[in-house]
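Input: a single structure, listed below in structure tokens.
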2 protein chains.
Amino acid sequence: MPKPSAANLFSELPASLAAELVNVLVETPTIRIERIVSTGQCSEPGFWYDQEQSEWVIVLKGEAQLCFADGTPAKTLCPGDHLVIPAHQKHRIEWTSASEPTVWLAVFFPA
Amino acid sequence: MPKPSAANLFSELPASLAAELVNVLVETPTIRIERIVSTGQCSEPGFWYDQEQSEWVIVLKGEAQLCFADGTPAKTLCPGDHLVIPAHQKHRIEWTSASEPTVWLAVFFPA
């Protein structure tokens with residue numbers, strides 16, 4: 001099992017990034033746990049995530065908005081807000097806070 | 001899949017509890033994600049958790065100390081500190097903060 005790369009989830013938070021920062025905290029044949037740091041990034045226009053695995057995701061710092069292709073209302077996520085994105089539910093990140101880093105925790109697991 | 005019982009991870013935080021509060025956020029045949037709230041609780045004297053599954057655990061609020069039966073040094077966890085507890089690594093909660101609720105997030109997954 002790989003050693004966590006961000007020993008404290010709120011450490012090593014860059015103020016600005018060219019692209020989202022992803023630290024894989026746990027990876028096994030069945031699950032993956034990631035810390036994701038965004039500094040204003042969002043999904044490219046027209047891009048949708050379409051994932052083989054289900055994802056449980058929480059915002060722990062900052063703010064972000066998720067949109068869904070299936071008509072599910074957009075969700076603005078503040079610290080502590082979490083949801084399950086079932087496998088193949090197409091979604092995109094509409095925006096993330098431009099004023100502070102947004103820290104996500106994502107757990108990917110078999111659908 | 002059960003609906004999250006704590007829609008925001010930091011909501012519904014009781015100031016004191018007779019016993020730890022566990023909300024199951026996700027449960028599938030392979031994984032379980034729990035929010036655990038402690039208000040000063042610790043493991044009974046002589047009790048060790050000995051789990052079939054591996055556990056990734058993080059403290060998000062409050063403070064706690066984990067001890068291990070195998071001689072691994074005790075770990076004091078502050079917000080953002082996380083670790084993997086491999087299946088069958090016997091461990092106990094030595095103490096949790098008495099001055100504020102401690103919020104844990106735990107992901108159980110196949111060893």
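Order determines the names: the first chain of the structure tokens is A, the second B, and so forth; residues in each chain are numbered 1 upward, and ligands are numbered 1 upward as they are shown.
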Extract, using only C-alpha atoms, all DNA, RNA and protein residues at most 6 Å from stretch 99-111 of chain B, discarding same-chain residues fewer than 6 positions from it, and format them as an MDAnalysis selection string.
chainID B and resid 31:39 53:63 87
Which chain A residues are at most 8 Å from chain B (counting only C-alpha atoms), as a list in words?
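Only these qualify: Pro4, Ala7, Asn8, Leu9, Phe10, Ser11, Val26, Thr30, Ile31, Trp56, Pro79, Gly80, Asp81, His82, Leu83, Phe109 and Pro110 of chain A.
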Do you know which residues are at most 12 Å from A:Gly46 counting only C-alpha atoms, after dropping those on the same chain fewer than 3 positions away, and could you put them as a ChimeraX atom specification?
/A:42-43,49,67-69,90-94
Go ahead and save the residues from that selection, with C-alpha atoms, as a short mmCIF file (atom, residue, chain, number, x, y, z; two decimals), in the first residue's frame.
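What ended up in out-v6.cif:
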data_model
loop_
_atom_site.label_atom_id
_atom_site.label_comp_id
_atom_site.auth_asym_id
_atom_site.auth_seq_id
_atom_site.Cartn_x
_atom_site.Cartn_y
_atom_site.Cartn_z
CA CYS A 42 -13.19 23.69 -13.26
CA SER A 43 -13.99 21.11 -15.92
CA TYR A 49 -16.67 12.75 -16.03
CA CYS A 67 -23.35 19.72 -12.34
CA PHE A 68 -24.96 16.60 -13.74
CA ALA A 69 -25.88 15.62 -17.30
CA LYS A 90 -22.02 12.08 -15.88
CA HIS A 91 -20.88 15.09 -13.91
CA ARG A 92 -18.60 18.07 -14.16
CA ILE A 93 -17.08 20.64 -11.87
CA GLU A 94 -18.73 23.91 -12.77
#
DSSP on the backbone, then: every residue of chain B marked strand (DSSP E), written as a ChimeraX atom specification.
/B:21-27,32-38,54-61,64-68,75-77,82-85,91-96,102-109
For a test of reading the model, state the distance in Å between atom CA of A:Glu52 and atom CA of A:Gln89, rounded to one decimal.
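Atom-to-atom, atom CA of A:Glu52 and atom CA of A:Gln89 are spaced 9.5 Å apart.
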Computed interatomic separation between atom CA of A:Leu21 and atom CA of A:Ala74 (Å):
23.4 Å
